[in-house]
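**Student:** Just passing along the structure, written as structure tokens.
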Amino acid sequence: GLTFSGVALLLQAQSRAARGAHRAAADAARRGHAALTSVTEARPGAVEPLFAMGAYNYFADNLPLIVKGLRFFLNIPGGDEKLGLAQLEESARSSDIFGTEALMLLAHIHSRTDRGDARMALGFLRQAADRHPTSPLIQTALSDLLFRTGRIRESKALVTHALALLAAQPGFSESIKPLAQYRSAACSLSLGDPASAIALGRSALLHGGSMRQGDARRWAHLMIEAAIDSGVPQEAAAWVDQFPLSAESRQDCLRWIDEAAHDPGRFGRGPAASVPPGEAEVQALRDLAAAHPGNGWLQHRLGGALGIQGRHGEARIHLNKAIAIGPAAVQGWALMWLGWIEEERGARRAAISYYRRSASLKKFDFSLAASERILYPATGRPEL
């Protein structure tokens with residue numbers, strides 16, 4: 001009765017707000033909040049209303065100040081962040097209907113780079129995955145968070161499992177597969193397997209016409225990087241034409257491909273060294289870095305290999321070069337390696353300063369990994 005009416009009204013409020021119908025959204029939010037409040041007052045121990053009430057209280061307390069100011073005029077109830085989180089956690093523990101949704105929302109809240117706790121977020125998502133081991137959506141969401149926290153190998157294994165679940169169980173939303181394919185391709189590229197990334201990208205191209213432009217741009221960039229790492233940057237031009245890109249994005253991609261074709265040594269990531277790296281591998285990286293002094297990835301690879309060998313002074317030189325000349329992805333990982341080196345010598349405060357710089361980079365896909373290392377001492381070296 002009132003529980004489901006209240007939940008429906010709050011969802012309706014969210015939908016109306018997204019469409020810009022603010023007065024209608026306020027009305028739905030007010031009525032939904034009142035319905036759920038009536039349930040909790042009549043049955044203080046009821047857990048089913050807690051998911052929607054917790055979500056409302058958390059997000060209402062985290063609205064921008066200008067929006068909070070409008071709340072008085074729209075007569076919308078206020079929120080309470082701490083109460084909202086407590087309600088969501090109780091819902092996750094006790095609700096038979098909304099428990100999994102509460103876990104997923106808690107994971108989303110705690111995975112925010114600016115104020116989250118990635119380790120807590122992973123804990124909530126792992127609980128959801130344990131409850132629903134055959135859900136490709138939850139497995140993909142967990143894989144995505146593992147990737148963003150730098151656990152690339154674990155992410156790859158899990159998203160491979162998610163794709164197998166999708167193949168074995170027809171009937172799931174068609175939107176899940178492209179998400180899983182992209183995450184799998186990104187893992188393959190990061191782990192030094194551009195051929196697998198390209199194969200997944202070609203599969204995604206079969207459905208390229210239905211992609212949003214943002215997704216198409218991500219895929220195009222990944223395919224270009226994979227082509228460069230495979231030594232065939234010019235082949236990426238044909239793929240770019242098949243993605244539904246804006247004219248500006250298309251020109252940017254073609255310019256990148258042209259630059260890579262004329263100077264391939266400047267852009268490739270170079271080989272990933274084994275762990276621990278042999279002296280021959282380190283020397284090969286030295287030779288590549290010397291031959292292509294403008295390639296930040298090679299400086300980063302060499303610095304990481306030297307760091308694993310314990311040659312920290314030499315490692316710092318090359319990692320700082322990587323930061324000076326590389327794009328955001330190179331800078332972020334190089335800063336995390338410098339932080340790890342500081343932790344290895346027991347200088348936790350110095351390590352945190354590097355992690356903070358890494359987490360603050362605007363275009364670094366792994367800023368959440370750096371944020372986690374700010375909160376918790378590193379349990380291992382960076383994976384990339």
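Residue numbers start at 1 in each chain; chains themselves are named A, B, ... in the order of the structure tokens; ligands are numbered from 1 in the order shown.
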I'd like the contact shell of Thr3 of chain A - 6 Å cut-off, only C-alpha atoms, skipping same-chain residues fewer than 3 positions apart - returned as a short mmCIF file (atom, residue, chain, number, x, y, z; two decimals) with N, CA and C atoms, in the first residue's frame.
**Tutor:**
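Resulting contents of part_27.cif:
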```cif
data_model
loop_
_atom_site.label_atom_id
_atom_site.label_comp_id
_atom_site.auth_asym_id
_atom_site.auth_seq_id
_atom_site.Cartn_x
_atom_site.Cartn_y
_atom_site.Cartn_z
N GLY A 6 4.67 5.34 -1.90
CA GLY A 6 5.71 6.30 -1.57
C GLY A 6 6.95 6.13 -2.43
N LEU A 36 5.66 7.63 2.99
CA LEU A 36 6.62 6.77 3.67
C LEU A 36 6.75 7.15 5.15
N PRO A 49 10.21 0.62 3.91
CA PRO A 49 10.27 2.04 3.50
C PRO A 49 11.68 2.63 3.58
#
```
**Student:** Give me, as a list in words, all polymer residues having an atom no more than 9 Å from Leu122 of chain A, counting only C-alpha atoms and skipping those fewer than 5 positions away in the same chain.
**Tutor:**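 Contacts, in chain order: Ala107, His110, Ser111, Asp117, Gln127, Leu142, Leu145 and Leu146 of chain A.
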**Student:** Could you jot down the atom CA of Trp219 of chain A to atom CA of Gly150 of chain A separation for me, Å, one decimal place?
**Tutor:** 19.8 Å
**Student:** Could you tell me how far atom CA of Ala141 of chain A lies from atom CA of Glu89 of chain A, in Å and to one decimal?
**Tutor:**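 Taking atom CA of Ala141 of chain A as the start and atom CA of Glu89 of chain A as the end point, the length is 19.0 Å.
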**Student:** Which segment 50-140 of chain A residues have any atom within 9 Å of an atom of segment 357-379 of chain A, and for each, what is the nearest pair of atoms with distance in Å to one decimal, counting only C-alpha atoms, rows sorted by chain and number, as a tab-separated table?
**Tutor:**
```
residue	atom	partner	partner_atom	distance
A:Ser111	CA	A:Leu368	CA	7.4
A:Arg112	CA	A:Leu368	CA	7.8
A:Thr113	CA	A:Leu368	CA	5.4
A:Asp114	CA	A:Ser371	CA	8.3
A:Arg115	CA	A:Ser371	CA	9.0
A:Gly116	CA	A:Ser371	CA	8.3
A:Asp117	CA	A:Glu372	CA	6.6
A:Ala118	CA	A:Glu372	CA	5.7
A:Arg119	CA	A:Glu372	CA	6.8
```
**Student:** Store the residues picked out above, limited to N, CA and C atoms, as a PDB file, in the first residue's frame.
**Tutor:**
```pdb
ATOM      1  N   SER A 111      31.494   5.283  -3.895  1.00  0.00           N
ATOM      2  CA  SER A 111      32.491   5.259  -4.970  1.00  0.00           C
ATOM      3  C   SER A 111      32.732   6.634  -5.564  1.00  0.00           C
ATOM      4  N   ARG A 112      32.150   7.654  -4.956  1.00  0.00           N
ATOM      5  CA  ARG A 112      32.415   9.020  -5.415  1.00  0.00           C
ATOM      6  C   ARG A 112      33.845   9.398  -5.060  1.00  0.00           C
ATOM      7  N   THR A 113      34.593   9.873  -6.055  1.00  0.00           N
ATOM      8  CA  THR A 113      36.011  10.170  -5.849  1.00  0.00           C
ATOM      9  C   THR A 113      36.223  11.267  -4.822  1.00  0.00           C
ATOM     10  N   ASP A 114      35.337  12.267  -4.791  1.00  0.00           N
ATOM     11  CA  ASP A 114      35.584  13.432  -3.955  1.00  0.00           C
ATOM     12  C   ASP A 114      35.441  13.150  -2.465  1.00  0.00           C
ATOM     13  N   ARG A 115      34.536  12.247  -2.080  1.00  0.00           N
ATOM     14  CA  ARG A 115      34.304  12.044  -0.647  1.00  0.00           C
ATOM     15  C   ARG A 115      33.968  10.598  -0.314  1.00  0.00           C
ATOM     16  N   GLY A 116      34.251   9.686  -1.221  1.00  0.00           N
ATOM     17  CA  GLY A 116      33.855   8.303  -1.032  1.00  0.00           C
ATOM     18  C   GLY A 116      34.911   7.452  -0.357  1.00  0.00           C
ATOM     19  N   ASP A 117      34.603   6.179  -0.270  1.00  0.00           N
ATOM     20  CA  ASP A 117      35.499   5.185   0.299  1.00  0.00           C
ATOM     21  C   ASP A 117      35.376   3.962  -0.602  1.00  0.00           C
ATOM     22  N   ALA A 118      36.326   3.831  -1.529  1.00  0.00           N
ATOM     23  CA  ALA A 118      36.241   2.780  -2.548  1.00  0.00           C
ATOM     24  C   ALA A 118      36.205   1.390  -1.937  1.00  0.00           C
ATOM     25  N   ARG A 119      36.921   1.213  -0.846  1.00  0.00           N
ATOM     26  CA  ARG A 119      36.955  -0.120  -0.234  1.00  0.00           C
ATOM     27  C   ARG A 119      35.583  -0.480   0.339  1.00  0.00           C
TER      28      ARG A 119
END
```
**Student:** Counting only C-alpha atoms, which residue out of A:Leu306, A:Ala216, A:Ile224, A:Ala289 sits closest to Asp258 of chain A?
**Tutor:**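 Using only C-alpha atoms, Asp258 of chain A sits closest to A:Ile224.
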**Student:** Would you please extract all helix (DSSP H, G or I) residues from segment 82-302 of chain A, as assigned by DSSP on the backbone, and give them as a VMD selection string?
**Tutor:** chain A and resid 82 to 94 99 to 110 118 to 131 136 to 148 152 to 168 176 to 190 194 to 205 208 to 210 213 to 229 233 to 242 247 to 262 264 to 266 279 to 291 296 to 302
**Student:** Do you know which residues are at most 10 Å from Glu225 of chain A counting only C-alpha atoms, after dropping those on the same chain fewer than 4 positions away, and could you put them as a list of chain:residue names?
**Tutor:**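 Once the nearby chain positions are removed, what remains is A:Leu189, A:Pro194, A:Ala197, A:Ile198, A:Trp219, A:Ala220, A:His221, A:Asp229, A:Ser230, A:Gly231, A:Val232, A:Pro233, A:Ala236, A:Trp256, A:Ile257, A:Ala260, A:Phe267, A:Gly268, A:Arg269.
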**Student:** Please produce a file of the residues just selected, as a compact mmCIF listing (two decimals), in the first residue's frame, where the atoms kept are all heavy atoms.
**Tutor:**
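Now in out-v3.txt:
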```
# COMPACT_ATOMS: atom_id res chain seq x y z
N LEU A 189 43.27 -4.03 -22.96
CA LEU A 189 44.24 -3.02 -23.39
C LEU A 189 45.21 -2.68 -22.26
O LEU A 189 46.43 -2.61 -22.47
CB LEU A 189 43.50 -1.77 -23.85
CG LEU A 189 44.38 -0.63 -24.37
CD1 LEU A 189 45.17 -1.06 -25.59
CD2 LEU A 189 43.51 0.59 -24.70
N PRO A 194 46.26 -5.74 -26.80
CA PRO A 194 45.43 -4.89 -27.67
C PRO A 194 44.63 -5.67 -28.70
O PRO A 194 43.57 -5.21 -29.14
CB PRO A 194 46.46 -3.96 -28.33
CG PRO A 194 47.75 -4.71 -28.26
CD PRO A 194 47.70 -5.49 -26.98
N ALA A 197 41.30 -6.39 -27.31
CA ALA A 197 40.53 -5.16 -27.23
C ALA A 197 39.94 -4.82 -28.59
O ALA A 197 38.77 -4.40 -28.71
CB ALA A 197 41.40 -4.02 -26.71
N ILE A 198 40.73 -4.99 -29.64
CA ILE A 198 40.25 -4.70 -31.00
C ILE A 198 39.13 -5.65 -31.39
O ILE A 198 38.12 -5.24 -31.98
CB ILE A 198 41.42 -4.79 -32.00
CG1 ILE A 198 42.38 -3.60 -31.79
CG2 ILE A 198 40.90 -4.80 -33.44
CD1 ILE A 198 43.67 -3.71 -32.58
N TRP A 219 34.64 4.33 -27.17
CA TRP A 219 35.05 3.17 -27.96
C TRP A 219 36.08 3.57 -29.01
O TRP A 219 37.07 2.85 -29.23
CB TRP A 219 33.83 2.54 -28.64
CG TRP A 219 33.21 1.42 -27.88
CD1 TRP A 219 31.98 1.39 -27.31
CD2 TRP A 219 33.79 0.12 -27.61
NE1 TRP A 219 31.74 0.18 -26.70
CE2 TRP A 219 32.83 -0.61 -26.87
CE3 TRP A 219 35.01 -0.47 -27.90
CZ2 TRP A 219 33.06 -1.92 -26.43
CZ3 TRP A 219 35.25 -1.76 -27.47
CH2 TRP A 219 34.29 -2.48 -26.74
N ALA A 220 35.86 4.69 -29.68
CA ALA A 220 36.80 5.12 -30.71
C ALA A 220 38.18 5.36 -30.12
O ALA A 220 39.20 4.94 -30.68
CB ALA A 220 36.27 6.38 -31.40
N HIS A 221 38.24 6.03 -28.98
CA HIS A 221 39.53 6.29 -28.33
C HIS A 221 40.22 4.99 -27.95
O HIS A 221 41.44 4.83 -28.12
CB HIS A 221 39.33 7.17 -27.10
CG HIS A 221 39.04 8.60 -27.44
ND1 HIS A 221 39.00 9.59 -26.50
CD2 HIS A 221 38.75 9.20 -28.62
CE1 HIS A 221 38.71 10.75 -27.07
NE2 HIS A 221 38.55 10.53 -28.35
N ASP A 229 49.02 0.50 -30.09
CA ASP A 229 49.81 -0.51 -29.36
C ASP A 229 50.09 -1.73 -30.21
O ASP A 229 51.06 -2.45 -29.98
CB ASP A 229 49.09 -0.92 -28.07
CG ASP A 229 49.20 0.12 -26.97
OD1 ASP A 229 49.83 1.17 -27.22
OD2 ASP A 229 48.66 -0.10 -25.88
N SER A 230 49.22 -1.99 -31.20
CA SER A 230 49.44 -3.12 -32.10
C SER A 230 50.35 -2.76 -33.27
O SER A 230 50.69 -3.62 -34.09
CB SER A 230 48.09 -3.62 -32.66
OG SER A 230 47.26 -4.09 -31.63
N GLY A 231 50.74 -1.49 -33.35
CA GLY A 231 51.64 -1.06 -34.42
C GLY A 231 50.94 -0.76 -35.74
O GLY A 231 51.60 -0.65 -36.77
N VAL A 232 49.59 -0.63 -35.72
CA VAL A 232 48.85 -0.37 -36.96
C VAL A 232 47.88 0.80 -36.76
O VAL A 232 46.67 0.65 -36.97
CB VAL A 232 48.09 -1.63 -37.44
CG1 VAL A 232 49.06 -2.67 -37.96
CG2 VAL A 232 47.23 -2.22 -36.30
N PRO A 233 48.38 1.98 -36.38
CA PRO A 233 47.47 3.09 -36.08
C PRO A 233 46.60 3.48 -37.27
O PRO A 233 45.46 3.92 -37.09
CB PRO A 233 48.41 4.23 -35.68
CG PRO A 233 49.74 3.85 -36.26
CD PRO A 233 49.79 2.36 -36.22
N ALA A 236 42.95 2.27 -37.66
CA ALA A 236 41.89 2.81 -36.81
C ALA A 236 41.01 3.80 -37.54
O ALA A 236 39.87 4.03 -37.14
CB ALA A 236 42.50 3.47 -35.57
N TRP A 256 44.69 12.50 -34.27
CA TRP A 256 45.47 11.62 -33.38
C TRP A 256 46.06 10.45 -34.17
O TRP A 256 47.24 10.12 -34.03
CB TRP A 256 44.54 11.13 -32.27
CG TRP A 256 45.13 10.24 -31.23
CD1 TRP A 256 46.46 9.98 -31.00
CD2 TRP A 256 44.41 9.50 -30.24
NE1 TRP A 256 46.61 9.12 -29.93
CE2 TRP A 256 45.37 8.82 -29.46
CE3 TRP A 256 43.06 9.36 -29.94
CZ2 TRP A 256 45.00 7.98 -28.39
CZ3 TRP A 256 42.69 8.54 -28.89
CH2 TRP A 256 43.64 7.85 -28.13
N ILE A 257 45.25 9.82 -35.01
CA ILE A 257 45.71 8.69 -35.83
C ILE A 257 46.84 9.14 -36.76
O ILE A 257 47.85 8.44 -36.92
CB ILE A 257 44.54 8.10 -36.63
CG1 ILE A 257 43.53 7.44 -35.68
CG2 ILE A 257 45.04 7.08 -37.65
CD1 ILE A 257 42.20 7.10 -36.34
N ALA A 260 50.04 9.60 -34.84
CA ALA A 260 50.61 8.31 -34.44
C ALA A 260 51.22 7.58 -35.63
O ALA A 260 52.25 6.90 -35.50
CB ALA A 260 49.53 7.44 -33.79
N PHE A 267 53.67 7.32 -29.15
CA PHE A 267 52.37 7.10 -28.54
C PHE A 267 52.18 5.73 -27.89
O PHE A 267 51.39 5.58 -26.98
CB PHE A 267 51.26 7.31 -29.59
CG PHE A 267 51.14 8.72 -30.06
CD1 PHE A 267 51.82 9.15 -31.18
CD2 PHE A 267 50.36 9.63 -29.37
CE1 PHE A 267 51.71 10.47 -31.62
CE2 PHE A 267 50.25 10.94 -29.79
CZ PHE A 267 50.93 11.37 -30.93
N GLY A 268 52.83 4.68 -28.38
CA GLY A 268 52.58 3.34 -27.88
C GLY A 268 52.92 3.18 -26.41
O GLY A 268 53.80 3.87 -25.88
N ARG A 269 52.25 2.24 -25.76
CA ARG A 269 52.48 2.01 -24.34
C ARG A 269 53.76 1.22 -24.08
O ARG A 269 54.27 1.23 -22.96
CB ARG A 269 51.30 1.24 -23.73
CG ARG A 269 49.99 2.00 -23.74
CD ARG A 269 48.85 1.11 -23.32
NE ARG A 269 47.58 1.83 -23.40
CZ ARG A 269 46.78 2.03 -22.37
NH1 ARG A 269 47.08 1.54 -21.19
NH2 ARG A 269 45.66 2.69 -22.52
```
**Student:** With distances taken over only C-alpha atoms, which of A:His262, A:His300, A:Arg345, A:Arg311 is nearest to Ala329 of chain A?
**Tutor:**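 Ranking A:His262, A:His300, A:Arg345, A:Arg311 by distance to Ala329 of chain A, first place goes to A:His300.
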**Student:** Would you kindly return, as a PyMOL selection string, each protein, DNA or RNA residue with an atom no farther than 8 Å from any atom of Gly32 of chain A, considering only C-alpha atoms and excluding same-chain residues fewer than 3 positions away?
**Tutor:** chain A and resi 5-10+28-29+35-36
**Student:** Write the selection just made, keeping C-alpha atoms, as a PDB file, in the first residue's frame?
**Tutor:**
```
ATOM      1  CA  SER A   5       3.022   4.290  -3.352  1.00  0.00           C
ATOM      2  CA  GLY A   6       5.712   6.305  -1.570  1.00  0.00           C
ATOM      3  CA  VAL A   7       8.537   4.599  -3.460  1.00  0.00           C
ATOM      4  CA  ALA A   8       6.727   5.117  -6.776  1.00  0.00           C
ATOM      5  CA  LEU A   9       6.147   8.799  -6.045  1.00  0.00           C
ATOM      6  CA  LEU A  10       9.802   9.408  -5.168  1.00  0.00           C
ATOM      7  CA  ALA A  28       5.601  14.034  -6.128  1.00  0.00           C
ATOM      8  CA  ALA A  29       8.518  14.213  -3.668  1.00  0.00           C
ATOM      9  CA  ALA A  35       3.406   8.391   2.477  1.00  0.00           C
ATOM     10  CA  LEU A  36       6.620   6.774   3.673  1.00  0.00           C
TER      11      LEU A  36
END
```
**Student:** Skipping near chain neighbours, those fewer than 4 positions away, what residues fall within 8 Å of segment 246-251 of chain A using only C-alpha atoms, listed as a list in words?
**Tutor:**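 Contacts, in chain order: Gln213, Arg217, Val240, Asp241 and Arg255 of chain A.
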**Student:** So which residues touch segment 130-133 of chain A within 8 Å, counting only C-alpha atoms, skipping near sequence neighbours fewer than 5 positions away, as a PyMOL selection string?
**Tutor:** chain A and resi 100+138-139
**Student:** With N, CA, C and O atoms retained, export the selected residues as an mmCIF file, in the first residue's frame.
**Tutor:**
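Now in result39.cif:
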```
data_model
loop_
_atom_site.group_PDB
_atom_site.id
_atom_site.type_symbol
_atom_site.label_atom_id
_atom_site.label_comp_id
_atom_site.auth_asym_id
_atom_site.auth_seq_id
_atom_site.Cartn_x
_atom_site.Cartn_y
_atom_site.Cartn_z
ATOM 1 N N THR A 100 19.006 -5.541 -2.041
ATOM 2 C CA THR A 100 20.040 -5.470 -3.081
ATOM 3 C C THR A 100 20.148 -4.065 -3.650
ATOM 4 O O THR A 100 21.253 -3.556 -3.895
ATOM 5 N N ILE A 138 25.009 -7.067 -11.991
ATOM 6 C CA ILE A 138 25.782 -6.833 -10.768
ATOM 7 C C ILE A 138 27.242 -7.220 -10.978
ATOM 8 O O ILE A 138 28.158 -6.521 -10.511
ATOM 9 N N GLN A 139 27.490 -8.317 -11.691
ATOM 10 C CA GLN A 139 28.868 -8.726 -11.966
ATOM 11 C C GLN A 139 29.591 -7.654 -12.795
ATOM 12 O O GLN A 139 30.758 -7.349 -12.548
#
```
**Student:** Quick one: everything within 8 Å of segment 81-86 of chain A, counting only C-alpha atoms, minus sequence neighbours fewer than 2 positions away in the same chain. Send it as a PyMOL selection string.
**Tutor:** chain A and resi 53-62+79+88-90+106
**Student:** Restricting the calculation to only C-alpha atoms, which member of A:Ala226, A:Lys177, A:Ala167, A:Glu281 is positioned closest to Ser196 of chain A?
**Tutor:**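 Checking each candidate against Ser196 of chain A, we get A:Ala226 as the closest.
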**Student:** Quick one: pull the distance between atom CA of Ala25 of chain A and atom CA of Gln12 of chain A, Å, one decimal.
**Tutor:**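 Computing the Euclidean distance for atom CA of Ala25 of chain A and atom CA of Gln12 of chain A yields 7.1 Å.
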